[in-house]
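Everything below belongs to start-v2.tsv, which stores TSV, C-alpha atoms.
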```
chain	number	residue	atom	x	y	z
R	1	MET	CA	129.91	92.37	15.29
R	2	THR	CA	130.73	95.98	16.19
R	3	GLU	CA	132.11	98.44	13.63
R	4	GLN	CA	135.53	98.30	15.31
R	5	HIS	CA	135.56	94.51	15.12
R	6	LYS	CA	134.65	94.73	11.43
R	7	GLY	CA	137.49	97.21	10.95
R	8	MET	CA	139.95	94.89	12.67
R	9	LEU	CA	138.79	92.01	10.47
R	10	PHE	CA	139.15	94.06	7.26
R	11	ALA	CA	142.59	95.29	8.34
R	12	PHE	CA	143.78	91.81	9.30
R	13	LEU	CA	142.57	90.34	6.00
R	14	SER	CA	144.29	93.07	3.98
R	15	TYR	CA	147.64	92.55	5.72
R	16	ALA	CA	147.26	88.76	5.63
R	17	ILE	CA	146.77	88.89	1.85
R	18	TRP	CA	149.81	91.15	1.48
R	19	GLY	CA	151.73	88.69	3.65
R	20	ILE	CA	151.00	85.70	1.40
R	21	PHE	CA	151.83	87.59	-1.82
R	22	PRO	CA	155.09	85.58	-2.19
R	23	LEU	CA	152.99	82.47	-2.86
R	24	PHE	CA	151.51	84.21	-5.91
R	25	TRP	CA	154.68	85.86	-7.25
R	26	LYS	CA	156.55	82.56	-6.99
R	27	LEU	CA	154.12	81.16	-9.58
R	28	LEU	CA	155.48	83.76	-12.02
R	29	GLU	CA	159.20	83.39	-11.29
R	30	HIS	CA	159.74	82.12	-14.85
R	31	VAL	CA	158.69	85.59	-16.09
R	32	ASN	CA	161.08	88.55	-16.03
R	33	SER	CA	160.43	90.74	-12.97
R	34	ILE	CA	160.03	93.90	-15.04
R	35	GLU	CA	157.33	92.27	-17.18
R	36	ILE	CA	155.49	91.10	-14.05
R	37	LEU	CA	155.56	94.71	-12.87
R	38	LEU	CA	154.24	95.97	-16.23
R	39	GLY	CA	151.41	93.45	-16.10
R	40	ARG	CA	150.57	94.39	-12.53
R	41	ILE	CA	150.34	98.08	-13.45
R	42	ILE	CA	148.25	97.54	-16.59
R	43	TRP	CA	145.82	95.01	-15.14
R	44	SER	CA	145.48	96.92	-11.85
R	45	PHE	CA	144.36	99.92	-13.89
R	46	VAL	CA	141.98	97.82	-16.02
R	47	PHE	CA	140.26	95.99	-13.15
R	48	THR	CA	140.07	98.93	-10.72
R	49	THR	CA	138.62	101.16	-13.45
R	50	LEU	CA	136.06	98.47	-14.37
R	51	PHE	CA	135.17	98.08	-10.69
R	52	ILE	CA	134.69	101.85	-10.33
R	53	LEU	CA	132.41	101.90	-13.37
R	54	LEU	CA	130.42	98.88	-12.16
R	55	ILE	CA	129.68	100.44	-8.73
R	56	GLY	CA	128.63	103.70	-10.37
R	57	LYS	CA	131.56	105.88	-9.24
R	58	ARG	CA	132.53	107.16	-12.70
R	59	LYS	CA	131.47	110.72	-11.84
R	60	GLN	CA	133.60	110.72	-8.66
R	61	LEU	CA	136.63	109.44	-10.61
R	62	ILE	CA	136.27	112.28	-13.13
R	63	GLU	CA	135.89	114.76	-10.26
R	64	ASP	CA	139.09	113.41	-8.67
R	65	LEU	CA	140.98	113.87	-11.96
R	66	HIS	CA	139.56	117.37	-12.39
R	67	TYR	CA	140.54	118.29	-8.83
R	68	LEU	CA	144.09	117.02	-9.31
R	69	TRP	CA	144.46	118.91	-12.59
R	70	GLN	CA	143.40	122.15	-10.86
R	71	HIS	CA	145.79	121.58	-7.97
R	72	LYS	CA	149.12	121.04	-9.71
R	73	ARG	CA	151.11	120.44	-6.54
R	74	GLN	CA	148.92	117.48	-5.59
R	75	PHE	CA	148.88	116.34	-9.22
R	76	PHE	CA	152.68	116.09	-9.38
R	77	SER	CA	152.88	114.66	-5.85
R	78	LEU	CA	150.59	111.81	-6.87
R	79	MET	CA	152.56	111.32	-10.07
R	80	ALA	CA	155.76	111.01	-8.02
R	81	ALA	CA	153.94	108.66	-5.61
R	82	SER	CA	153.02	106.38	-8.53
R	83	PHE	CA	156.70	106.28	-9.49
R	84	PHE	CA	157.82	105.27	-5.99
R	85	ILE	CA	155.11	102.64	-5.52
R	86	SER	CA	156.20	101.16	-8.88
R	87	ILE	CA	159.77	100.94	-7.55
R	88	ASN	CA	158.43	99.27	-4.40
R	89	TRP	CA	156.40	96.76	-6.40
R	90	TYR	CA	159.35	95.93	-8.67
R	91	VAL	CA	161.84	95.40	-5.82
R	92	TYR	CA	159.35	93.21	-3.96
R	93	ILE	CA	158.58	91.08	-7.02
R	94	TRP	CA	162.30	90.78	-7.82
R	95	ALA	CA	163.12	89.81	-4.22
R	96	VAL	CA	160.46	87.09	-4.06
R	97	THR	CA	161.34	85.59	-7.46
R	98	HIS	CA	165.08	85.65	-6.59
R	99	ASP	CA	164.82	83.89	-3.21
R	100	ARG	CA	165.13	87.06	-1.08
R	101	VAL	CA	161.83	86.68	0.80
R	102	LEU	CA	163.42	87.21	4.23
R	103	GLU	CA	165.01	90.49	3.13
R	104	SER	CA	161.65	91.68	1.82
R	105	SER	CA	160.00	90.89	5.17
R	106	MET	CA	162.68	92.91	6.97
R	107	GLY	CA	161.96	95.84	4.65
R	108	TYR	CA	158.31	95.95	5.70
R	109	TYR	CA	159.21	95.45	9.36
R	110	ILE	CA	161.41	98.57	9.38
R	111	ASN	CA	159.15	100.63	7.08
R	112	PRO	CA	157.02	102.16	9.91
R	113	ILE	CA	160.18	103.24	11.73
R	114	ILE	CA	161.58	104.81	8.53
R	115	SER	CA	158.24	106.62	8.11
R	116	VAL	CA	158.59	108.09	11.60
R	117	LEU	CA	162.14	109.21	10.76
R	118	PHE	CA	160.81	110.90	7.61
R	119	GLY	CA	158.19	112.62	9.76
R	120	MET	CA	160.97	114.09	11.88
R	121	LEU	CA	163.14	115.17	8.94
R	122	ILE	CA	160.41	116.46	6.59
R	123	PHE	CA	157.46	117.47	8.76
R	124	LYS	CA	159.56	118.46	11.82
R	125	GLU	CA	157.69	116.03	14.04
R	126	ARG	CA	159.20	115.47	17.47
R	127	LEU	CA	160.33	111.97	18.35
R	128	SER	CA	159.96	110.52	21.82
R	129	ARG	CA	162.92	108.89	23.56
R	130	ALA	CA	161.32	105.49	23.03
R	131	THR	CA	161.06	106.10	19.29
R	132	MET	CA	164.68	107.23	19.13
R	133	ALA	CA	165.69	104.08	20.99
R	134	ALA	CA	163.67	101.98	18.51
R	135	LEU	CA	165.45	103.67	15.59
R	136	CYS	CA	168.87	102.94	17.11
R	137	VAL	CA	168.05	99.27	17.76
R	138	ALA	CA	166.67	98.85	14.23
R	139	LEU	CA	169.82	100.48	12.83
R	140	LEU	CA	171.92	97.95	14.76
R	141	GLY	CA	170.01	95.13	13.06
R	142	VAL	CA	170.64	96.64	9.62
R	143	LEU	CA	174.36	97.11	10.42
R	144	VAL	CA	174.65	93.46	11.49
R	145	MET	CA	173.11	92.37	8.17
R	146	THR	CA	175.50	94.69	6.31
R	147	VAL	CA	178.57	93.23	8.01
R	148	ASN	CA	177.32	89.65	7.54
R	149	TYR	CA	176.52	90.05	3.82
R	150	GLY	CA	179.52	92.24	3.08
R	151	GLN	CA	177.09	94.71	1.49
R	152	VAL	CA	174.15	96.88	2.51
R	153	PRO	CA	170.84	94.91	2.58
R	154	TRP	CA	169.56	97.06	-0.28
R	155	VAL	CA	166.39	95.03	-0.84
R	156	SER	CA	165.17	95.72	2.71
R	157	LEU	CA	166.20	99.37	2.68
R	158	LEU	CA	164.87	100.11	-0.80
R	159	LEU	CA	161.50	98.54	0.06
R	160	ALA	CA	161.28	100.54	3.29
R	161	LEU	CA	162.49	103.82	1.76
R	162	SER	CA	160.33	103.62	-1.37
R	163	PHE	CA	157.17	102.84	0.61
R	164	ALA	CA	157.93	105.50	3.23
R	165	THR	CA	158.49	108.06	0.45
R	166	TYR	CA	155.21	106.97	-1.13
R	167	GLY	CA	153.50	107.57	2.22
R	168	VAL	CA	155.03	111.05	2.56
R	169	LEU	CA	153.93	112.05	-0.94
R	170	LYS	CA	150.37	110.84	-0.30
R	171	LYS	CA	150.13	112.35	3.18
R	172	ARG	CA	148.26	115.44	1.97
R	173	ILE	CA	146.37	113.76	-0.90
R	174	VAL	CA	143.09	112.30	0.28
R	175	LEU	CA	141.66	109.93	-2.32
R	176	GLU	CA	139.37	106.93	-1.94
R	177	ALA	CA	141.56	103.80	-2.17
R	178	THR	CA	140.16	102.24	-5.35
R	179	ARG	CA	140.00	105.49	-7.32
R	180	GLY	CA	143.44	106.39	-5.99
R	181	LEU	CA	144.90	103.13	-7.31
R	182	ALA	CA	143.26	103.70	-10.71
R	183	ILE	CA	144.76	107.20	-10.97
R	184	GLU	CA	148.20	106.13	-9.72
R	185	THR	CA	148.40	103.31	-12.26
R	186	LEU	CA	147.07	105.68	-14.94
R	187	PHE	CA	150.11	107.92	-14.39
R	188	ILE	CA	152.55	105.09	-14.98
R	189	MET	CA	150.50	103.32	-17.71
R	190	PRO	CA	152.15	105.09	-20.72
R	191	PHE	CA	155.60	103.94	-19.58
R	192	ALA	CA	154.32	100.39	-19.01
R	193	LEU	CA	152.74	100.24	-22.47
R	194	MET	CA	155.85	101.68	-24.16
R	195	TYR	CA	158.06	99.12	-22.43
R	196	TYR	CA	155.68	96.35	-23.53
R	197	VAL	CA	156.06	97.56	-27.13
R	198	TYR	CA	159.85	97.38	-26.62
R	199	LEU	CA	159.60	93.80	-25.28
R	200	TYR	CA	157.37	92.80	-28.21
R	201	SER	CA	159.73	94.34	-30.78
R	202	ASN	CA	162.64	92.38	-29.27
R	203	ASP	CA	160.71	89.09	-29.09
R	204	THR	CA	161.20	88.95	-25.30
R	205	MET	CA	157.57	89.47	-24.27
R	206	GLN	CA	156.23	86.45	-22.39
R	207	PHE	CA	152.59	87.48	-22.03
R	208	LEU	CA	150.58	85.60	-24.71
R	209	HIS	CA	153.78	83.69	-25.64
R	210	VAL	CA	154.32	81.15	-22.82
R	211	GLY	CA	150.97	79.60	-21.97
R	212	TRP	CA	147.43	80.41	-20.91
R	213	GLN	CA	148.26	79.74	-17.24
R	214	THR	CA	150.89	82.48	-17.25
R	215	ASP	CA	148.53	84.86	-19.06
R	216	ILE	CA	145.78	84.32	-16.48
R	217	LEU	CA	148.20	84.78	-13.58
R	218	MET	CA	149.45	88.04	-15.10
R	219	MET	CA	145.87	89.29	-15.39
R	220	ILE	CA	144.95	88.16	-11.88
R	221	SER	CA	147.86	90.22	-10.51
R	222	GLY	CA	145.69	93.30	-11.09
R	223	ILE	CA	142.83	91.88	-9.03
R	224	ILE	CA	144.99	90.77	-6.11
R	225	THR	CA	146.57	94.22	-6.04
R	226	ALA	CA	143.17	95.91	-5.66
R	227	ILE	CA	141.45	93.57	-3.16
R	228	PRO	CA	143.72	94.11	-0.09
R	229	LEU	CA	143.81	97.85	-0.79
R	230	ILE	CA	140.01	98.04	-0.68
R	231	LEU	CA	139.93	95.96	2.52
R	232	PHE	CA	142.60	98.20	4.04
R	233	ALA	CA	140.61	101.35	3.21
R	234	LYS	CA	137.48	99.90	4.83
R	235	GLY	CA	139.44	98.86	7.92
R	236	ALA	CA	141.23	102.20	8.31
R	237	GLN	CA	137.86	103.99	8.47
R	238	LYS	CA	136.66	101.92	11.43
R	239	ILE	CA	139.62	101.51	13.82
R	240	PRO	CA	142.12	103.87	15.52
R	241	LEU	CA	145.42	104.58	13.77
R	242	TYR	CA	147.52	103.00	16.55
R	243	LEU	CA	145.56	99.75	16.21
R	244	MET	CA	146.10	99.75	12.44
R	245	GLY	CA	149.79	100.35	13.08
R	246	PHE	CA	149.93	97.26	15.28
R	247	ILE	CA	148.05	95.04	12.79
R	248	GLN	CA	150.40	96.03	9.95
R	249	TYR	CA	153.07	93.68	11.31
R	250	VAL	CA	150.88	90.71	10.32
R	251	SER	CA	152.12	91.07	6.72
R	252	PRO	CA	155.92	90.90	7.23
R	253	THR	CA	155.46	88.20	9.89
R	254	ILE	CA	153.63	85.92	7.43
R	255	THR	CA	156.25	86.69	4.77
R	256	PHE	CA	159.03	85.93	7.25
R	257	LEU	CA	157.49	82.57	8.17
R	258	LEU	CA	157.12	81.68	4.48
R	259	GLY	CA	160.77	82.54	3.85
R	260	VAL	CA	162.06	80.41	6.73
R	261	PHE	CA	159.73	77.40	6.76
R	262	LEU	CA	158.38	77.09	3.21
R	263	TYR	CA	161.20	78.41	1.03
R	264	LYS	CA	164.00	77.33	3.43
R	265	GLU	CA	166.03	80.51	2.97
R	266	PRO	CA	169.23	80.69	5.08
R	267	PHE	CA	168.48	81.76	8.66
R	268	THR	CA	171.66	81.58	10.72
R	269	HIS	CA	172.45	83.03	14.15
R	270	VAL	CA	173.40	86.28	12.43
R	271	GLU	CA	170.00	86.63	10.76
R	272	LEU	CA	168.36	85.70	14.07
R	273	PHE	CA	170.26	88.45	15.88
R	274	ALA	CA	169.48	91.02	13.16
R	275	PHE	CA	165.76	90.18	13.14
R	276	SER	CA	165.74	90.16	16.95
R	277	CYS	CA	166.99	93.75	16.84
R	278	ILE	CA	164.20	94.66	14.42
R	279	TRP	CA	161.55	92.89	16.53
R	280	THR	CA	162.82	94.61	19.69
R	281	ALA	CA	162.62	97.96	17.89
R	282	ILE	CA	159.04	97.17	16.83
R	283	ILE	CA	158.03	96.29	20.41
R	284	ILE	CA	159.50	99.56	21.71
R	285	PHE	CA	157.95	101.55	18.86
R	286	SER	CA	154.51	99.90	19.20
R	287	TYR	CA	154.42	100.33	22.98
R	288	SER	CA	155.40	103.98	22.62
R	289	SER	CA	152.76	104.58	19.92
R	290	ILE	CA	149.96	102.94	21.93
R	291	HIS	CA	150.99	104.81	25.10
R	292	GLU	CA	150.98	108.17	23.26
R	293	ALA	CA	147.61	107.42	21.62
R	294	ARG	CA	146.02	106.54	24.97
R	295	LYS	CA	147.48	109.67	26.56
R	296	ARG	CA	146.01	111.86	23.80
R	297	HIS	CA	142.64	110.08	24.18
R	298	THR	CA	142.64	110.73	27.95
R	299	LEU	CA	143.42	114.42	27.38
R	300	LEU	CA	140.56	114.71	24.89
R	301	LEU	CA	138.13	113.19	27.39
R	302	LYS	CA	139.16	115.79	29.98
```
Conversion result in structure tokens:
Amino acid sequence: MTEQHKGMLFAFLSYAIWGIFPLFWKLLEHVNSIEILLGRIIWSFVFTTLFILLIGKRKQLIEDLHYLWQHKRQFFSLMAASFFISINWYVYIWAVTHDRVLESSMGYYINPIISVLFGMLIFKERLSRATMAALCVALLGVLVMTVNYGQVPWVSLLLALSFATYGVLKKRIVLEATRGLAIETLFIMPFALMYYVYLYSNDTMQFLHVGWQTDILMMISGIITAIPLILFAKGAQKIPLYLMGFIQYVSPTITFLLGVFLYKEPFTHVELFAFSCIWTAIIIFSYSSIHEARKRHTLLLK
């Protein structure tokens, strides 16, 4: 197996795991969404830090923290990134445990397009005509959902916007994936622990109070958060960016199929039209991205 094939396999596995996350979060739907989030933050920090120590990367983790402390702009950017990824995690968990799986899949479908829009607005990147067309078609899909629901599909938009903002904040911060997750969760850990104290003082904490199955699932949430991230990091090192961009649609596609066929969420002609707009936008966007990447590659060879 070539290095590129290995990279494709790692990338596919990471997005496939992210795609089947609803199966796991559904097992915890009897737990309040905010407590699931708190557990995910705490146990992600615990298990990623243990993993870093076990593979002998303690020195590199300390060096990362020292570097961030010396470079305050990156320090606060990563702190803000940890805040936005926490929002993203919470909205996703809430959506899955409140039968909004289809809306969550739409959020991750439109996320790459929102990221491109952010690139234009923040980094002054130029958009091709094809990308502009993709944005307009995706916007039509969102408008159709808005009219149908009588309200903005806030789950989809908040997921897309929070993850796109997270990507913008991390654009200039290069950290190895596992150590990056440990530091990001470290930033938000004090708030998670304080909120747990609040839940305990109000007798509403469910961890250690419902059953050992729930406790184990809460702890495992930290492991399943780290595994796809590590696979993603390994895959991203071995394959071109445009190929990674294409593979990323594996995740929302799996989530979409779960929402329709397993959880039987409503999927009328209106939802079909809205998702068709999103899928059309993705096809336009993906074709444009691959075409531009190949053109740049040809120019480099010359």
Quiz prompt | Selection near range 195-212 of chain R, 9 Å with only C-alpha atoms, sequence-local residues under 3 positions removed, as an NGL selection string | solution = :R and (31-32 or 35 or 38-39 or 190-192 or 215-218)
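Counting all atoms listed in the file, the residue from R:Leu257, R:Val168, R:Leu135, R:Val96 that sits nearest to Gly119 in chain R is R:Val168.
Computed from the coordinates, the CA of Arg40 in chain R to CA of Met219 in chain R distance equals 7.5 Å.
Minimum atom-to-atom distance to His269 in chain R, evaluated using all atoms listed in the file, belongs to R:Met145 out of R:Met145, R:Leu53, R:Leu37, R:Ile87.
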Against range 106-109 of chain R, which residues of range 149-247 of chain R fall within 9 Å? For each one I want the closest pair of atoms and the distance in Å (one decimal), counting all atoms listed in the file, rows by chain and increasing residue number, as a Markdown table.
```
| residue | atom | partner | partner_atom | distance |
| --- | --- | --- | --- | --- |
| R:Val155 | CA | R:Gly107 | CA | 7.1 |
| R:Ser156 | CA | R:Gly107 | CA | 3.8 |
| R:Leu157 | CA | R:Gly107 | CA | 5.9 |
| R:Leu158 | CA | R:Gly107 | CA | 7.5 |
| R:Leu159 | CA | R:Gly107 | CA | 5.3 |
| R:Ala160 | CA | R:Gly107 | CA | 4.9 |
| R:Leu161 | CA | R:Gly107 | CA | 8.5 |
| R:Phe163 | CA | R:Tyr108 | CA | 8.6 |
```
Export C-alpha atoms of the chosen residues as a PDB file, in the coordinates of the input?
```pdb
ATOM      1  CA  VAL R 155     166.390  95.030  -0.840  1.00  0.00           C
ATOM      2  CA  SER R 156     165.170  95.720   2.710  1.00  0.00           C
ATOM      3  CA  LEU R 157     166.200  99.370   2.680  1.00  0.00           C
ATOM      4  CA  LEU R 158     164.870 100.110  -0.800  1.00  0.00           C
ATOM      5  CA  LEU R 159     161.500  98.540   0.060  1.00  0.00           C
ATOM      6  CA  ALA R 160     161.280 100.540   3.290  1.00  0.00           C
ATOM      7  CA  LEU R 161     162.490 103.820   1.760  1.00  0.00           C
ATOM      8  CA  PHE R 163     157.170 102.840   0.610  1.00  0.00           C
TER       9      PHE R 163
END
```
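Proximity to Ser115 in chain R was assessed for R:Val137, R:Leu169, R:Ile93, R:Ile41 counting all atoms listed in the file; the smallest distance is recorded for R:Leu169.
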Quiz item: Which residues, protein or nucleic acid, reach to within 12 Å of (160.9, 112.1, 5.8) in the file's coordinates when using all atoms listed in the file, and can you give that as a PyMOL selection string?
Solution: chain R and resi 111-125+160-169+171
Practice problem: Please write as a PyMOL selection string the list of polymer residues whose atoms come within 7 Å of (145.5, 99.7, -16.3), counting only C-alpha atoms and keeping to the coordinates of the file. | Solution: chain R and resi 41-46+185-186+189
Can you tell me which residues surround Ser82 in chain R at a distance of at most 7 Å, considering only C-alpha atoms, apart from same-chain residues fewer than 6 positions away, and format the answer as a compact mmCIF listing (two decimals) with C-alpha atoms, in the coordinates of the input?
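Result saved to selection_17.txt:
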```txt
# COMPACT_ATOMS: atom_id res chain seq x y z
CA GLU R 184 148.20 106.13 -9.72
CA THR R 185 148.40 103.31 -12.26
CA PHE R 187 150.11 107.92 -14.39
CA ILE R 188 152.55 105.09 -14.98
```
Mind running range 78-168 of chain R against range 6-30 of chain R at 9 Å and telling me each contacting residue's nearest atom pair with the distance in Å (one decimal), counting all atoms listed in the file, chain and number ascending, as a tab-separated table?
```
residue	atom	partner	partner_atom	distance
R:Tyr92	CA	R:Pro22	CA	8.9
R:Ile93	CA	R:Trp25	CA	6.5
R:Trp94	CA	R:Glu29	CA	8.7
R:Val96	CA	R:Pro22	CA	5.9
R:Thr97	CA	R:Glu29	CA	4.9
R:His98	CA	R:Glu29	CA	7.9
R:Val101	CA	R:Pro22	CA	7.5
R:Ser105	CA	R:Gly19	CA	8.7
```
Quiz item: Which is closer to Cys277 in chain R than all the others in R:Ile55, R:Met1, R:Ala134, R:Leu65, using all atoms listed in the file?
Solution: R:Ala134
Quiz item: Do you have the CA of Ser128 in chain R-CA of Ser286 in chain R distance handy?
Solution: 12.2 Å
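Between Gly235 in chain R and the residues R:Glu3, R:Ile278, R:Thr178, R:Thr49, the shortest atom-to-atom distance, using all atoms listed in the file, involves R:Glu3.
Proximity ranking of R:Val147, R:Ile183, R:Leu193, R:Val152 relative to Ala81 in chain R places R:Ile183 first, based on only C-alpha atoms.
Shell of Gly141 in chain R at 9 Å, with only C-alpha atoms counted and residues fewer than 2 places along the chain excluded, is Cys136, Val137, Ala138, Leu139, Leu143, Val144, Met145, Thr146, Glu271, Phe273, Ala274, Phe275, Ser276, Cys277 and Ile278 of chain R.
Pairwise distance (CA of Thr48 in chain R, CA of Ser33 in chain R) equals 22.1 Å.
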